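Here is entry_5.csv, consisting of CSV, C-alpha atoms:
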chain,number,residue,atom,x,y,z
A,1,MET,CA,198.2,62.0,13.5
A,2,ILE,CA,197.6,58.2,13.3
A,3,TRP,CA,197.8,57.6,9.6
A,4,ILE,CA,196.4,54.1,9.6
A,5,LEU,CA,193.3,55.3,11.5
A,6,ASP,CA,193.0,58.2,9.0
A,7,ILE,CA,193.2,55.9,6.0
A,8,THR,CA,190.6,53.5,7.5
A,9,MET,CA,188.2,56.4,8.4
A,10,LEU,CA,188.5,57.9,4.9
A,11,PHE,CA,187.9,54.5,3.3
A,12,PHE,CA,184.8,54.0,5.3
A,13,LEU,CA,183.7,57.5,4.5
A,14,VAL,CA,183.9,56.8,0.8
A,15,VAL,CA,182.1,53.5,1.2
A,16,CYS,CA,179.3,55.1,3.2
A,17,ALA,CA,178.9,58.0,0.7
A,18,ILE,CA,178.7,55.6,-2.3
A,19,ALA,CA,176.3,53.3,-0.4
A,20,ALA,CA,174.0,56.2,0.7
A,21,ILE,CA,173.5,57.4,-2.9
A,22,SER,CA,173.2,54.0,-4.5
A,23,ILE,CA,170.8,52.1,-2.2
A,24,LYS,CA,167.1,51.9,-3.1
A,25,ASP,CA,165.5,51.8,0.4
A,26,LEU,CA,165.4,55.4,1.6
A,27,LEU,CA,165.4,54.5,5.3
A,28,SER,CA,168.6,52.6,4.9
A,29,SER,CA,170.0,55.5,3.0
A,30,ILE,CA,169.2,57.9,5.9
A,31,ILE,CA,170.8,55.6,8.4
A,32,ILE,CA,174.0,55.2,6.2
A,33,LEU,CA,174.1,59.0,5.9
A,34,SER,CA,174.0,59.2,9.7
A,35,ALA,CA,176.9,56.8,9.9
A,36,TYR,CA,178.7,58.9,7.3
A,37,SER,CA,178.2,62.0,9.5
A,38,LEU,CA,179.5,60.1,12.6
A,39,ILE,CA,182.7,59.0,10.7
A,40,MET,CA,183.1,62.6,9.4
A,41,ALA,CA,182.9,63.9,13.0
A,42,VAL,CA,185.7,61.5,14.0
A,43,VAL,CA,187.7,62.7,11.0
A,44,TRP,CA,187.2,66.3,12.0
A,45,VAL,CA,188.4,65.6,15.6
A,46,GLU,CA,191.4,63.7,14.2
A,47,MET,CA,192.3,66.8,12.2
A,48,HIS,CA,192.2,68.9,15.4
A,49,ALA,CA,188.9,70.7,14.5
A,50,VAL,CA,187.1,69.8,17.6
A,51,ASP,CA,184.4,72.5,17.3
A,52,VAL,CA,183.5,71.4,13.7
A,53,GLY,CA,183.5,67.8,14.8
A,54,PHE,CA,181.1,68.7,17.6
A,55,THR,CA,178.8,70.5,15.2
A,56,GLU,CA,178.9,67.6,12.8
A,57,ALA,CA,178.0,65.1,15.5
A,58,ALA,CA,175.2,67.2,16.9
A,59,VAL,CA,173.6,68.4,13.6
A,60,GLY,CA,174.7,65.8,11.0
A,61,ALA,CA,174.3,62.6,12.9
A,62,GLY,CA,171.5,63.9,15.3
A,63,ILE,CA,169.0,66.5,14.1
A,64,THR,CA,169.3,65.8,10.3
A,65,THR,CA,168.6,62.1,10.7
A,66,VAL,CA,165.5,62.8,12.8
A,67,LEU,CA,164.2,65.4,10.3
A,68,PHE,CA,164.8,63.1,7.4
A,69,ILE,CA,163.0,60.2,9.1
A,70,ALA,CA,160.1,62.4,10.1
A,71,THR,CA,159.9,63.5,6.4
A,72,LEU,CA,160.2,59.9,5.2
A,73,ALA,CA,157.2,59.0,7.4
A,74,ARG,CA,155.1,61.1,5.0
A,75,THR,CA,156.3,59.5,1.9
A,76,GLU,CA,156.4,55.9,0.4
A,77,GLY,CA,160.0,55.3,1.4
A,78,ARG,CA,161.3,53.9,-1.9
A,79,SER,CA,163.2,55.6,-4.6
A,80,GLU,CA,161.9,55.4,-8.2
A,81,ASP,CA,165.2,55.9,-10.0
B,1,MET,CA,150.4,54.3,19.6
B,2,SER,CA,153.0,52.2,17.9
B,3,ARG,CA,154.8,49.3,19.4
B,4,ILE,CA,158.0,51.3,20.1
B,5,GLN,CA,156.1,54.0,21.9
B,6,GLU,CA,154.5,51.5,24.2
B,7,SER,CA,157.7,50.0,25.3
B,8,VAL,CA,158.3,50.5,29.1
B,9,ILE,CA,162.1,50.4,28.7
B,10,ILE,CA,162.2,53.1,26.1
B,11,ARG,CA,159.7,55.4,27.9
B,12,THR,CA,161.6,55.0,31.2
B,13,VAL,CA,165.1,55.5,29.6
B,14,VAL,CA,163.9,58.6,27.8
B,15,ARG,CA,162.3,60.1,30.9
B,16,ILE,CA,165.5,59.6,32.8
B,17,MET,CA,167.8,60.7,30.0
B,18,VAL,CA,166.1,64.0,28.9
B,19,PRO,CA,167.1,66.1,32.0
B,20,PHE,CA,170.7,65.0,31.6
B,21,ILE,CA,170.8,65.8,27.9
B,22,GLN,CA,169.4,69.2,28.8
B,23,LEU,CA,172.0,69.7,31.5
B,24,PHE,CA,174.8,68.8,29.0
B,25,ALA,CA,173.3,71.3,26.5
B,26,LEU,CA,173.5,74.1,29.1
B,27,TYR,CA,177.1,73.0,29.9
B,28,VAL,CA,178.0,73.2,26.1
B,29,ILE,CA,176.4,76.7,25.8
B,30,MET,CA,178.2,78.1,28.8
B,31,HIS,CA,181.6,76.7,27.8
B,32,GLY,CA,181.4,77.9,24.3
B,33,ALA,CA,183.9,80.7,24.9
B,34,SER,CA,186.6,78.6,26.6
B,35,GLY,CA,186.3,75.2,24.9
B,36,PRO,CA,184.6,73.3,22.1
B,37,GLY,CA,180.9,74.0,21.8
B,38,GLY,CA,178.8,77.2,21.8
B,39,GLY,CA,175.4,78.5,21.4
B,40,PHE,CA,174.5,76.7,18.2
B,41,GLN,CA,175.7,73.2,19.3
B,42,GLY,CA,174.1,73.6,22.8
B,43,GLY,CA,170.9,74.8,21.3
B,44,VAL,CA,170.8,71.8,18.9
B,45,ILE,CA,171.4,69.4,21.8
B,46,PHE,CA,168.7,71.0,23.9
B,47,GLY,CA,166.3,70.8,21.0
B,48,ALA,CA,167.2,67.2,20.4
B,49,ALA,CA,166.3,66.4,24.0
B,50,ILE,CA,162.8,67.8,23.5
B,51,ILE,CA,162.5,66.2,20.1
B,52,LEU,CA,163.4,62.8,21.7
B,53,TYR,CA,160.7,63.4,24.3
B,54,ALA,CA,158.1,64.3,21.6
B,55,MET,CA,159.1,61.2,19.5
B,56,ILE,CA,158.5,58.8,22.3
B,57,PHE,CA,155.5,60.4,24.1
B,58,GLY,CA,153.7,61.6,21.0
B,59,ILE,CA,153.7,64.9,19.1
B,60,SER,CA,150.6,66.2,21.1
B,61,GLU,CA,152.4,65.5,24.4
B,62,GLY,CA,155.5,67.2,23.1
B,63,LYS,CA,153.4,70.2,22.1
B,64,LYS,CA,152.1,70.5,25.6
B,65,LYS,CA,155.7,71.0,26.8
B,66,MET,CA,156.6,73.2,23.9
B,67,SER,CA,153.6,74.9,22.2
B,68,ASP,CA,153.8,76.7,18.9
B,69,ALA,CA,153.3,80.1,20.6
B,70,LEU,CA,156.1,79.4,23.0
B,71,ASP,CA,158.3,78.4,20.0
B,72,LYS,CA,157.7,81.8,18.4
B,73,ILE,CA,158.3,83.7,21.6
B,74,LEU,CA,161.6,81.9,22.3
B,75,ALA,CA,162.8,82.2,18.7
B,76,SER,CA,162.2,86.0,18.8
B,77,THR,CA,163.5,86.4,22.4
B,78,GLY,CA,166.9,84.8,21.5
B,79,LEU,CA,167.2,87.0,18.4
B,80,THR,CA,166.4,90.1,20.5
B,81,ILE,CA,169.0,89.1,23.1
B,82,TYR,CA,171.6,88.8,20.3
B,83,ALA,CA,170.7,91.9,18.4
B,84,GLY,CA,170.2,93.9,21.7
B,85,THR,CA,173.7,93.0,22.9
B,86,GLY,CA,175.1,94.1,19.6
B,87,LEU,CA,173.1,97.3,19.5
B,88,ALA,CA,174.0,98.1,23.1
B,89,CYS,CA,177.6,98.1,22.1
B,90,ILE,CA,176.8,100.6,19.4
B,91,LEU,CA,174.9,102.8,21.9
B,92,PHE,CA,178.0,103.0,24.1
B,93,GLY,CA,180.1,104.2,21.2
B,94,GLY,CA,181.6,100.9,20.0
B,95,MET,CA,181.0,98.9,16.9
B,96,PHE,CA,178.4,96.0,16.6
B,97,LEU,CA,179.3,93.4,19.2
B,98,GLN,CA,182.4,95.3,20.3
B,99,TYR,CA,182.0,94.1,23.9
B,100,ASP,CA,184.7,96.1,25.6
B,101,ALA,CA,182.9,99.4,24.7
B,102,VAL,CA,180.2,98.8,27.3
B,103,PRO,CA,181.2,100.4,30.6
B,104,LEU,CA,179.3,98.0,32.8
B,105,LEU,CA,182.2,96.9,35.0
B,106,PRO,CA,185.6,98.5,35.5
B,107,ASP,CA,187.5,95.7,33.6
B,108,PRO,CA,186.6,95.5,29.9
B,109,ALA,CA,187.8,91.9,29.7
B,110,VAL,CA,185.3,90.8,32.3
B,111,VAL,CA,182.5,92.7,30.5
B,112,SER,CA,183.3,91.0,27.2
B,113,LYS,CA,183.4,87.6,28.9
B,114,TYR,CA,179.9,88.1,30.3
B,115,LEU,CA,178.5,89.6,27.1
B,116,ILE,CA,179.9,86.7,25.0
B,117,ASP,CA,178.0,84.3,27.3
B,118,LEU,CA,174.9,86.5,26.9
B,119,VAL,CA,175.2,86.3,23.1
B,120,GLU,CA,175.7,82.5,23.3
B,121,ILE,CA,172.6,82.1,25.4
B,122,GLY,CA,170.6,84.2,22.8
B,123,ILE,CA,171.9,82.0,19.9
B,124,GLY,CA,171.1,78.8,21.9
B,125,ILE,CA,167.5,79.9,22.7
B,126,THR,CA,166.8,80.7,19.0
B,127,VAL,CA,168.4,77.5,17.7
B,128,LEU,CA,166.5,75.3,20.1
B,129,ALA,CA,163.1,76.9,19.3
B,130,VAL,CA,163.8,76.7,15.5
B,131,MET,CA,164.9,73.1,15.7
B,132,ILE,CA,161.8,72.0,17.6
B,133,SER,CA,159.4,73.9,15.3
B,134,LEU,CA,161.2,72.3,12.3
B,135,PHE,CA,160.5,68.9,13.8
B,136,PHE,CA,156.9,69.6,14.6
B,137,ASP,CA,156.4,71.0,11.0
B,138,VAL,CA,157.8,67.9,9.2
B,139,SER,CA,156.5,65.2,11.5
B,140,PRO,CA,153.5,63.3,10.3
B,141,PRO,CA,150.0,64.2,11.7
B,142,GLU,CA,148.9,62.4,14.9
B,143,PRO,CA,146.3,59.9,13.5
B,144,GLU,CA,148.9,57.8,11.7
B,145,PRO,CA,151.9,57.5,14.0
B,146,GLU,CA,152.3,53.8,13.2
B,147,GLU,CA,154.4,54.4,10.1
B,148,ALA,CA,156.1,57.3,11.8
B,149,GLU,CA,158.4,55.5,14.2
B,150,GLU,CA,159.0,52.2,12.3
Please express the file's structure as structure tokens.
Amino acid sequence: MIWILDITMLFFLVVCAIAAISIKDLLSSIIILSAYSLIMAVVWVEMHAVDVGFTEAAVGAGITTVLFIATLARTEGRSED
Amino acid sequence: MSRIQESVIIRTVVRIMVPFIQLFALYVIMHGASGPGGGFQGGVIFGAAIILYAMIFGISEGKKKMSDALDKILASTGLTIYAGTGLACILFGGMFLQYDAVPLLPDPAVVSKYLIDLVEIGIGITVLAVMISLFFDVSPPEPEPEEAEE
């Protein structure tokens, strides 16, 4: 366990989570959510859960982003609230 | 055709990368029992390779490689492999997915190794077919791909 790396990762995790829900542009929100998933995958691997980290990187950062962007292409791309 | 889809660099890189991504997906599926990975992750990576191809070369071009009928056939085939392996174990007197009950080879450990790989392959086939059909379902229709890729 490298605790400085852990603290840094968790800090960026919280920053990404808050940014993803507070930003108005939905495309930016999706990309930030993808970065959140990537950091989360690194945190899983750091916690010795390689299998979960693998799934997080493949599904969270990969497929989910593509599906969100494909859905966004059918909408206006801006949040009303 | 949008500006990104016309780029020679992107088209060439995608054409070169897709087979290697698929090979890596097969590696992940086959090493699911002994290392990180497995049927689900490998299927997702395999599906992502075909989704990448469909994003760059167009949805209709992707549907030539992976039609809706083939999607349905693959999704049900993988489920049949998984359920069939489990039910075969019941037929030979074990419980559902109790691999060592199947008297295929003299050593039960070897039998369960091969049957675990068979189950992982079934999961992988189903997941890749479902992921690709999800992408085709949510992706915008072909006449307006300009907004789709920006």
Quiz item: atom CA of A:Lys24 and atom CA of A:Thr65 are how many Å apart?
Solution: 17.2 Å
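Distances here use only C-alpha atoms; by that measure, the residue among A:Val15, A:Ile30, A:Ala73, A:Leu5 closest to A:Gly60 is A:Ile30.
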Exercise. Could the residues of chain A within 9 Å of chain B, counting all atoms listed in the file, be given as a list in words, please?
Key: Val50, Asp51, Val52, Phe54, Thr55, Ala58, Val59, Gly62, Ile63, Val66, Leu67, Phe68, Ile69, Ala70, Thr71, Leu72, Ala73 and Arg74 of chain A
Could you save the residues just selected, with C-alpha atoms, as an mmCIF file, keeping the file's coordinate frame?
data_model
loop_
_atom_site.group_PDB
_atom_site.id
_atom_site.type_symbol
_atom_site.label_atom_id
_atom_site.label_comp_id
_atom_site.auth_asym_id
_atom_site.auth_seq_id
_atom_site.Cartn_x
_atom_site.Cartn_y
_atom_site.Cartn_z
ATOM 1 C CA VAL A 50 187.100 69.800 17.600
ATOM 2 C CA ASP A 51 184.400 72.500 17.300
ATOM 3 C CA VAL A 52 183.500 71.400 13.700
ATOM 4 C CA PHE A 54 181.100 68.700 17.600
ATOM 5 C CA THR A 55 178.800 70.500 15.200
ATOM 6 C CA ALA A 58 175.200 67.200 16.900
ATOM 7 C CA VAL A 59 173.600 68.400 13.600
ATOM 8 C CA GLY A 62 171.500 63.900 15.300
ATOM 9 C CA ILE A 63 169.000 66.500 14.100
ATOM 10 C CA VAL A 66 165.500 62.800 12.800
ATOM 11 C CA LEU A 67 164.200 65.400 10.300
ATOM 12 C CA PHE A 68 164.800 63.100 7.400
ATOM 13 C CA ILE A 69 163.000 60.200 9.100
ATOM 14 C CA ALA A 70 160.100 62.400 10.100
ATOM 15 C CA THR A 71 159.900 63.500 6.400
ATOM 16 C CA LEU A 72 160.200 59.900 5.200
ATOM 17 C CA ALA A 73 157.200 59.000 7.400
ATOM 18 C CA ARG A 74 155.100 61.100 5.000
#
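The space between atom CA of B:Gly124 and atom CA of B:Thr12 spans 27.3 Å.
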Quiz item: Of the residues B:Ile116, B:Ile9, B:Leu70, B:Ile21, which is the one nearest to B:Gln98, using all atoms listed in the file?
Solution: B:Ile116
Practice problem: Could you please determine the separation between atom CA of B:Leu128 and atom CA of B:Ser67 in Å, to one decimal place? | Solution: 13.1 Å
Quiz item: Which residues come within 8 Å of A:Ala41, counting all atoms listed in the file, excluding same-chain residues fewer than 4 positions away, as a ChimeraX atom specification?
Solution: /A:37,45,52-54,56-57
Quiz item: How would you write as number ranges by chain the residues that get within 12 Å of (187.7, 52.0, 9.8) in the file's frame, counting only C-alpha atoms?
Solution: A: 3-16, 35-36, 38-40, 42-43
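The protein and nucleic acid residues lying at most 8 Å from B:Gly122 are B:Gly39, B:Thr77, B:Gly78, B:Leu79, B:Thr80, B:Ile81, B:Tyr82, B:Leu118, B:Thr126, with only C-alpha atoms considered and sequence neighbours fewer than 4 positions away removed.
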